[in-house]
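Please read the structure below before turning to the comments.
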Protein chains: 4
Amino acid sequence: MARLIDTNVNGGTGAAAQKPQTRTAAGELEQRLLACRRQTEALIDGLSDADCTVQSMDDASPAKWHLAHSTWFFEEMVLAAYLASYRRFDARYAYLFNSYYENLGPRHPRPRRGLLTRPELADVLAYRWHVDRALQRLLQRLDDGGRQAGAARAAELIELGIQHEQQHQELLLTDLLHLFAQNPLRPVYRDAAWAPHECSAEPEPMHFVPFDEQRVAIGHAGAGFAFDCEGPRHDVLLRPFALADRPVSNREWQHFIDDGGYRSATLWLSDGWQRVCSEGWQAPLYWTQRDDQWLTMTLHGEMPLDLDAPVAHLSYYEADAFARWAGHRLPTEFEWEAAAQRQIASPDEPATVHANGVAGITGHFADSRRYRPEPLRLGGSGPLRQMFGDVWEWTASAFSPYPGFRPAPGAIGEYNGKFMCGQFVLRGGSCATPREHIRPTYRNFFPPHARWQFSGLRLAEDR
Amino acid sequence: MARLIDTNVNGGTGAAAQKPQTRTAAGELEQRLLACRRQTEALIDGLSDADCTVQSMDDASPAKWHLAHSTWFFEEMVLAAYLASYRRFDARYAYLFNSYYENLGPRHPRPRRGLLTRPELADVLAYRWHVDRALQRLLQRLDDGGRQAGAARAAELIELGIQHEQQHQELLLTDLLHLFAQNPLRPVYRDAAWAPHECSAEPEPMHFVPFDEQRVAIGHAGAGFAFDCEGPRHDVLLRPFALADRPVSNREWQHFIDDGGYRSATLWLSDGWQRVCSEGWQAPLYWTQRDDQWLTMTLHGEMPLDLDAPVAHLSYYEADAFARWAGHRLPTEFEWEAAAQRQIASPDEPATVHANGVAGITGHFADSRRYRPEPLRLGGSGPLRQMFGDVWEWTASAFSPYPGFRPAPGAIGEYNGKFMCGQFVLRGGSCATPREHIRPTYRNFFPPHARWQFSGLRLAEDR
Amino acid sequence: MARLIDTNVNGGTGAAAQKPQTRTAAGELEQRLLACRRQTEALIDGLSDADCTVQSMDDASPAKWHLAHSTWFFEEMVLAAYLASYRRFDARYAYLFNSYYENLGPRHPRPRRGLLTRPELADVLAYRWHVDRALQRLLQRLDDGGRQAGAARAAELIELGIQHEQQHQELLLTDLLHLFAQNPLRPVYRDAAWAPHECSAEPEPMHFVPFDEQRVAIGHAGAGFAFDCEGPRHDVLLRPFALADRPVSNREWQHFIDDGGYRSATLWLSDGWQRVCSEGWQAPLYWTQRDDQWLTMTLHGEMPLDLDAPVAHLSYYEADAFARWAGHRLPTEFEWEAAAQRQIASPDEPATVHANGVAGITGHFADSRRYRPEPLRLGGSGPLRQMFGDVWEWTASAFSPYPGFRPAPGAIGEYNGKFMCGQFVLRGGSCATPREHIRPTYRNFFPPHARWQFSGLRLAEDR
Amino acid sequence: MARLIDTNVNGGTGAAAQKPQTRTAAGELEQRLLACRRQTEALIDGLSDADCTVQSMDDASPAKWHLAHSTWFFEEMVLAAYLASYRRFDARYAYLFNSYYENLGPRHPRPRRGLLTRPELADVLAYRWHVDRALQRLLQRLDDGGRQAGAARAAELIELGIQHEQQHQELLLTDLLHLFAQNPLRPVYRDAAWAPHECSAEPEPMHFVPFDEQRVAIGHAGAGFAFDCEGPRHDVLLRPFALADRPVSNREWQHFIDDGGYRSATLWLSDGWQRVCSEGWQAPLYWTQRDDQWLTMTLHGEMPLDLDAPVAHLSYYEADAFARWAGHRLPTEFEWEAAAQRQIASPDEPATVHANGVAGITGHFADSRRYRPEPLRLGGSGPLRQMFGDVWEWTASAFSPYPGFRPAPGAIGEYNGKFMCGQFVLRGGSCATPREHIRPTYRNFFPPHARWQFSGLRLAEDR
């Protein structure tokens, strides 16, 4: 990404020499753009228009809305600004599919996204292709054009649009799971085409990996894309601590339940206990007990719990209460990132460098199409296992700006900055995250009561 | 219906002679049943699965739910009890599509009807046909069978199922209108294939038709179907009164608005004024003002108001406030019924006897496929015009049991009786009501804040 | 009242002769006014400023507010209009103590009445005396003045103010009971200075008193005060029915509980069952079970249930469900009134004519200062017992206008008319009603979920 | 505090020598205890029982509750555990006056605190004296007794109880202000006995005081009392920054309003803008505009704004939006504390060492009995002025545990730890804070929507 921009901005004198390189950069971007776009559409394969239209709660959005909004993002942020000849597909979509950008005018209220039976799914797909073709025209010009102002910025924004769409790919899956979980028929999104894991008779105990006191650089810098909230890179002091070698498992969570975890007020944050009582929490979201067996709703239908797999669909409150019950605590996002950096720097097994330029990330991601967390044998490497993929890991860190953070001017500045209040940071990605989307510096965030993501936890402790 | 029942119950000795007549009765019932069933399905012609799945508010239901629930009604009330060989289409539907019958076990919560993207529309249609075939088998047996116990009751319940489905035909339309009205794209359900009415330059003034003091029999008796709440027939004393010759028009409602009707607390019932304030009412539901012109959302899309047509989509509160503003009052349901009886007894124009056995009912109903109230020239007859069709007319009567009313035992008894609290009676049917469904004794009821039906008003006064 | 008015309006020429009579009328009114005013103040004897200030729910008001509002009523309705020299005690009270009169301008919101720690109780008492003195001056003028315009109207309004204040005397007691019932300390308002009733070993069975089919005149007419909603008097047709000789007792209510009445959905109106579930009703308001014994909170503290006494603190929903469970029904208000008229016309025991001019009313009222319903031996006469006093009796009648009803113009017209929606009529008065306040035609009304009044039921049935 | 503890714990062998010192320590504690207790009672001087009983919102508590709860704290935390002979004043108070300590059993629900008209204020005062006498007995024993186990802990807990009560002194004032602000009569709590400040014609411009990059120790350590959440003391890295020399003034806030600050969505955090819209915020809490002049409700009644004084009664959202509008940001709590430390280390004017052992704190506190923020001339010293007193200053820091923080076991551990979620830190104390209560390390915290405290802001910026 940075290379592409540099090329466009600085290039020019040696046009003949530069041209091929420029073409390569824009061409590569186009390739990644189209791959991303097609991947989103592949996610709704086999779903009905109705499946893609209904909204199961205010926090979730219909699949159709994700399809349209990620397209709207390109239309508003890129095409409207950088492709003079662009004609909108439907002027009314600017209102319908704006999510929360105050800079871009009024919008259809979030809780009413599920009332839009029109445009139909077919219309939304046509909208996608209309925008795709325009983006291709724009990329062609970036390729051709020497010095036009804004070319670099347009390419940056297309990259942002890809990253944005990847986020919505994950949300599309988690929102769909939430929708299907409301249905007593327990619909299956994707058949489980693989042999089920047999729970181990003797589960592996949890180990803690120690880290010394250190001054560590946190946040993104250098090449490769990152969201604004991942920077500026800055130093942080860490006390000695230790991090569990793996996430907490469903088996361990059952012990918490059996020990009365959901009935012991003193384990909980005050706000958390209120939720437990007012919403009657007795287990993670999607768990139901039938004939003394715990089942969990997944995108592959309702299935018995895999006791060796990481527990998922936890609120921050639950993760925090478990840690207290276990005599440990949650790690801060700085501890987590420091550990992840060390892990990547010395992997136990060879890891490929992905397109984002970050080497060493291994794990179980959405690319596998097995949309549920899996036991140890399937992911992770090094002394710390499953740092990436399977489940997002709640950290003890509130989502706050890094020192020196300033959001970009205009609409893009609303992307992350205005949510820096009332949310906690999660790290590492999940089985619903596209593999290319994750980074050690990646900061996901949700309010502490949110449970419908693939959110789990890893324990930490002071040393 | 009554004839059919009599035949089945009393007939028997002269089987040879009776057979043809019986076959005629059951055959006629089958014919009416299938016509009703096909009519329901015709209503969703051109709608997507998504259109049929979404629920726009707690009070409304998805079209797919109406299709399924009216089928469930036959399955539970008729087939489960009277067709021993019957096998349910899907045992889980008993839970999914029960509306409110406590006698029939737990049910999917009403506000969550719109979360059921599965079963798909195609599944629901298959369910309908499964039940239809079983009903035909049952009717065949009624035809064949001389004296089998319950035959008459089964036929009665099939008739009830038809009437029930007709109610849901109307609700399907009004719920769909509500859904489409939430959509900024203002979808069109059916094209308006006729020339628009040109508003009259000199609208016809309203006249009041006087009625003397009288003792009048109210409620249903004799042949023909009626709901339990329409009886027992009983005498009521009426003081001298007068009834407007037509419903209040959109033009007159504009005067109410222009005169500050929605800003004058003293015109309103206390509960009504609270609604005006808390929900910001400034006009009937579906009215919006654009460039000084009032538009209204209809099943034919958003259209300019037809000033000569009856005003619709009013709450009881609005109807009552208007009457007070106008120096009049709403009629009681007894006054309305007494007037309707006289009207029918001496029609100005020849009227056909419809299948329900009630002569003299003319008006603009759903059968016209023009789903909006129309000006005078299109409906009504006699000194009182538009008594039937166009708009339901709010009466001043709370929905209370008639003297001697006792609901039937079992689930059927829940049909009307348990709603006799907090509701007001509306009379006369609307442009969304099937013509055959209406009767002079018909008591529709809604809570006083409900606005999404085609509900209007007719003024009355003491004499 | 009527006599007084006639005297003032028609009298005049023969002043000498008239004077004594006039003085008697105005003097009698003054005497009754002051007795009523002092009685209200006696009710707060022993209460703290805090007791009189707190509001325990939106539907209830603080005692201090009742003291002030009943005074405000005289100030606004009488003094401001009919005593030119009147100076308001505090101009801001017009806003603070208006209850719901839209004609009289904006007002302090009802749910915020309990936030007014100022004016203090002493200020409110000073306000009362200020208004009393002004009313006395006005009455003096009525006495003196021959023909002044409005004298009769002023006297009428003072009478209305007395009746209004009597209503608030009852509400002050029921609101205070509600407040004290929220307090875990279970405060005692008045010591129970009498020997407790010993529950009968063999309770008296319930009998039904038959009434023939009849045409009966309903509503108030003639001499004596009545609220506008009690008229116009009009004829009503009644079918043959029977009325229980006494209200349902606590013992009978226990049977209902023990038989699962609060767990049987099919006994309940749809709205009622929703309340049972959402609010967890398991017994009447104020009942609590401790060590297998039912206790009930009263104005004399928490006490064991008196099994022979009428059950109280029921919603309409509960009364209706009980009647259905018992195989009976609630009477209409017309049936109740017809029965009450017959009862009064032929009492079993001599009854005094009370100041309202209605003879034959016996029963247990607030004047006894025993503020809880009592068993049979203490009230009632004739074949129907306890028709008056002890508990208000829910009727099956929605609170609707009588034929020909028109509210008075101006603020007074808001007194009852604007509540004719969503409420049910109760009849007969309670142990918290001033004896002089009740009449056979008296229509009390509350929404069907209200439970904090002394509301019980009497069964009826068709004959 | 630490000295006292050391004395008790370590002392013993040389009783004769130790005794006086011990007595001094315990005696000094007793003196401070009683001064604190009397000070709380002085706050309700002139208030009625009603004033002290009503609860104006769920977040606030009645004065009477503060009086009782701070007493309950001593009873439960100290007397029940350390004074064997102690007899509770009323066993039911354990339930009534527990605030949120799950370890100490069930409690009266917070939103219902205002329903307790009993116990009366006089009872609560008797309760206070009962507990005071017992505490004095206990302190006497601490004085006398050499080595009894727990003596040091008891003294620690008494100190905690004093600090706890000081917190409730401030809350009593802010809750009372909220209550009086709901009253249209605008009651005056304390007369303003001083000459009003005349707003300066030329207000002093705001200056920014620079701070270099540094590694700074944050948090409490050493002698003197501090809450658990103020430690452990730990090093933090700070980038270069600058801090405004004074809080934002009312005048500056007016500019924000006049510039459309409350109407500009893009200035606000997402959650903040939702509040602005849903609650209609147009100015800080307690501001009202009358005849083009802004007034503000204070404990001295409604007064014109003092334009030169710090703005107060802001939510975090407002403080944050203002900073964005001004092109600055809020400081972190670490920046604030580092600045305060430097300030104290080199004061411009001599400052007394207060009992807490912290020198250099000057400012306008509750001890002045002028309960509103004041302009510069009245407070502050050094290049940074008004760091302490006048208004609490919102920081950008979420209220999170310091590295190594572990709450104490048992009920005391619930004091702060379970609120470390969804809250922001405020620093510096206000005009309603007792002077002795504040420290540079003091961390106050409230949720971001809270506005009823004396909460303002000081701007910061990156350097």
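We label chains A, B, ... in the order they appear in the structure tokens, count residues from 1 in each chain, and number ligands from 1 in the order shown.
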Taking the backbone alone, and naming residues the way the document does, which bits of region 172-232 of chain A are alpha helix (DSSP H) by DSSP, as a ChimeraX atom specification? /A:172-181
Which residues are near region 214-226 of chain A? Cut-off 10 Å, only C-alpha atoms, ignore same chain within fewer than 6 positions. Put them as a VMD selection string. (chain A and resid 1 to 3 156 159 to 160 163 232 to 240 333 to 335 337 to 338 341 355 to 358 402 437 to 443) or (chain D and resid 237)
Keeping C-alpha atoms for every residue in the selection just given, could you write it to a file as an mmCIF file, in the first residue's frame?
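Output (part-v3.cif):
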```
data_model
loop_
_atom_site.group_PDB
_atom_site.id
_atom_site.type_symbol
_atom_site.label_atom_id
_atom_site.label_comp_id
_atom_site.auth_asym_id
_atom_site.auth_seq_id
_atom_site.Cartn_x
_atom_site.Cartn_y
_atom_site.Cartn_z
ATOM 1 C CA MET A 1 0.000 0.000 0.000
ATOM 2 C CA ALA A 2 2.676 2.461 1.005
ATOM 3 C CA ARG A 3 4.662 1.503 -2.042
ATOM 4 C CA GLU A 156 -5.375 4.687 0.082
ATOM 5 C CA GLU A 159 -7.388 0.021 0.522
ATOM 6 C CA LEU A 160 -9.391 1.349 3.462
ATOM 7 C CA GLN A 163 -10.278 -3.411 5.044
ATOM 8 C CA PRO A 232 0.815 6.456 16.818
ATOM 9 C CA ARG A 233 3.351 3.885 17.818
ATOM 10 C CA HIS A 234 4.565 4.733 21.294
ATOM 11 C CA ASP A 235 6.456 3.247 24.203
ATOM 12 C CA VAL A 236 4.742 1.668 27.137
ATOM 13 C CA LEU A 237 6.144 0.342 30.421
ATOM 14 C CA LEU A 238 5.167 -3.154 31.377
ATOM 15 C CA ARG A 239 5.632 -4.785 34.743
ATOM 16 C CA PRO A 240 6.547 -8.433 34.899
ATOM 17 C CA GLU A 333 -3.877 -4.810 25.373
ATOM 18 C CA PHE A 334 -0.244 -3.759 25.768
ATOM 19 C CA GLU A 335 0.699 -7.018 27.425
ATOM 20 C CA GLU A 337 0.589 -7.013 21.935
ATOM 21 C CA ALA A 338 4.032 -7.346 23.488
ATOM 22 C CA GLN A 341 5.238 -9.442 18.907
ATOM 23 C CA ALA A 355 -0.322 -9.573 1.958
ATOM 24 C CA ASN A 356 -0.432 -7.191 4.865
ATOM 25 C CA GLY A 357 3.261 -7.647 5.209
ATOM 26 C CA VAL A 358 3.120 -9.270 8.639
ATOM 27 C CA TYR A 402 -3.019 6.321 21.903
ATOM 28 C CA HIS A 437 -7.297 -8.747 8.033
ATOM 29 C CA ILE A 438 -5.491 -9.350 11.287
ATOM 30 C CA ARG A 439 -2.312 -7.812 12.707
ATOM 31 C CA PRO A 440 -0.573 -7.870 16.099
ATOM 32 C CA THR A 441 -1.477 -4.201 16.465
ATOM 33 C CA TYR A 442 -5.118 -4.681 15.510
ATOM 34 C CA ARG A 443 -7.564 -3.208 18.013
ATOM 35 C CA LEU D 237 5.753 7.523 30.215
#
```
Pick out each residue of region 388-456 of chain B that DSSP on the backbone tags as strand (DSSP E); I need them as a PyMOL selection string. chain B and resi 392-398+424-427+444-446+455-456
Would you write out those residues with N, CA, C and O atoms, as a tab-separated table (two decimals), in the first residue's frame?
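As written to disk, again05.tsv reads:
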```
chain	number	residue	atom	x	y	z
B	392	TRP	N	-63.45	1.39	8.01
B	392	TRP	CA	-64.07	1.01	9.26
B	392	TRP	C	-64.41	2.27	10.03
B	392	TRP	O	-63.63	3.23	10.04
B	393	GLU	N	-65.55	2.26	10.70
B	393	GLU	CA	-65.97	3.47	11.42
B	393	GLU	C	-65.89	3.22	12.92
B	393	GLU	O	-66.54	2.32	13.46
B	394	TRP	N	-65.07	4.04	13.55
B	394	TRP	CA	-64.96	3.95	15.01
B	394	TRP	C	-66.31	4.28	15.64
B	394	TRP	O	-66.95	5.26	15.27
B	395	THR	N	-66.73	3.48	16.61
B	395	THR	CA	-67.92	3.85	17.37
B	395	THR	C	-67.49	4.20	18.79
B	395	THR	O	-66.37	3.92	19.21
B	396	ALA	N	-68.41	4.81	19.52
B	396	ALA	CA	-68.14	5.21	20.90
B	396	ALA	C	-68.22	4.04	21.86
B	396	ALA	O	-68.06	4.22	23.07
B	397	SER	N	-68.46	2.82	21.33
B	397	SER	CA	-68.73	1.68	22.21
B	397	SER	C	-67.46	0.90	22.51
B	397	SER	O	-66.76	0.46	21.59
B	398	ALA	N	-67.21	0.70	23.79
B	398	ALA	CA	-66.16	-0.22	24.19
B	398	ALA	C	-66.58	-1.63	23.76
B	398	ALA	O	-67.76	-1.95	23.73
B	424	PHE	N	-62.12	-0.61	21.36
B	424	PHE	CA	-63.36	0.00	20.88
B	424	PHE	C	-63.84	-0.70	19.62
B	424	PHE	O	-63.03	-1.26	18.87
B	425	VAL	N	-65.15	-0.64	19.41
B	425	VAL	CA	-65.76	-1.34	18.28
B	425	VAL	C	-65.73	-0.46	17.04
B	425	VAL	O	-66.00	0.74	17.11
B	426	LEU	N	-65.39	-1.08	15.92
B	426	LEU	CA	-65.50	-0.43	14.61
B	426	LEU	C	-66.50	-1.22	13.78
B	426	LEU	O	-66.60	-2.44	13.90
B	427	ARG	N	-67.18	-0.52	12.90
B	427	ARG	CA	-68.23	-1.16	12.12
B	427	ARG	C	-68.09	-0.88	10.64
B	427	ARG	O	-67.55	0.15	10.22
B	444	ASN	N	-65.85	-5.32	14.63
B	444	ASN	CA	-64.39	-5.28	14.63
B	444	ASN	C	-63.94	-4.51	15.88
B	444	ASN	O	-64.70	-3.72	16.43
B	445	PHE	N	-62.73	-4.73	16.34
B	445	PHE	CA	-62.29	-4.02	17.55
B	445	PHE	C	-60.78	-3.83	17.52
B	445	PHE	O	-60.04	-4.69	17.05
B	446	PHE	N	-60.38	-2.68	18.00
B	446	PHE	CA	-58.96	-2.35	18.13
B	446	PHE	C	-58.78	-1.44	19.33
B	446	PHE	O	-59.72	-0.75	19.74
B	455	SER	N	-59.20	2.91	9.20
B	455	SER	CA	-60.18	3.31	10.20
B	455	SER	C	-60.51	4.78	10.06
B	455	SER	O	-59.61	5.63	10.08
B	456	GLY	N	-61.80	5.08	9.91
B	456	GLY	CA	-62.26	6.46	9.79
B	456	GLY	C	-63.39	6.70	10.76
B	456	GLY	O	-63.46	6.03	11.80
```
Taking only C-alpha atoms into account, find every residue of chain B that has an atom no more than 8 Å from chain C, and write it out as a list in words.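 In the required form, that comes to Glu102, Asn103, Asp235, Val236, Leu237, Arg239, Ala265, Thr266, Trp268, Leu269, Ser270, Asp271, Ser397, Ala398, Ser400, Pro403, Gly404, Gly417, Lys418, Phe419, Met420, Cys421, Gly422, Gln423 and Asp462 of chain B.
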Find the residues around Ala309 (chain C) up to 9 Å (only C-alpha atoms counted), leave out those fewer than 2 positions away in its own chain, and share them as a list in words.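 My list of contacting residues is Cys199, Pro247, Val248, Ser249, Asn250, Arg251, Leu305, Asp306, Leu307, Val311, Ala312, Arg372, Pro373, Glu374, Pro375, Leu376 and Asp390 of chain C.
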Separation of CA of Gly280 (chain C) from CA of Leu179 (chain C), in Å and rounded to one decimal: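 These two atoms are separated by 19.8 Å.
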What's the 10 Å shell around Asp45 (chain A), counting only C-alpha atoms, without same-chain residues fewer than 3 positions away, as a short mmCIF file (atom, residue, chain, number, x, y, z; two decimals) with C-alpha atoms, in the first residue's frame?
```cif
data_model
loop_
_atom_site.label_atom_id
_atom_site.label_comp_id
_atom_site.auth_asym_id
_atom_site.auth_seq_id
_atom_site.Cartn_x
_atom_site.Cartn_y
_atom_site.Cartn_z
CA THR A 40 -18.35 -11.00 0.43
CA GLU A 41 -20.83 -12.22 -2.13
CA ALA A 42 -19.73 -15.79 -1.61
CA SER A 48 -32.61 -16.30 0.71
CA TYR A 189 -25.79 -21.86 7.39
CA ARG A 190 -23.02 -24.20 6.22
#
```
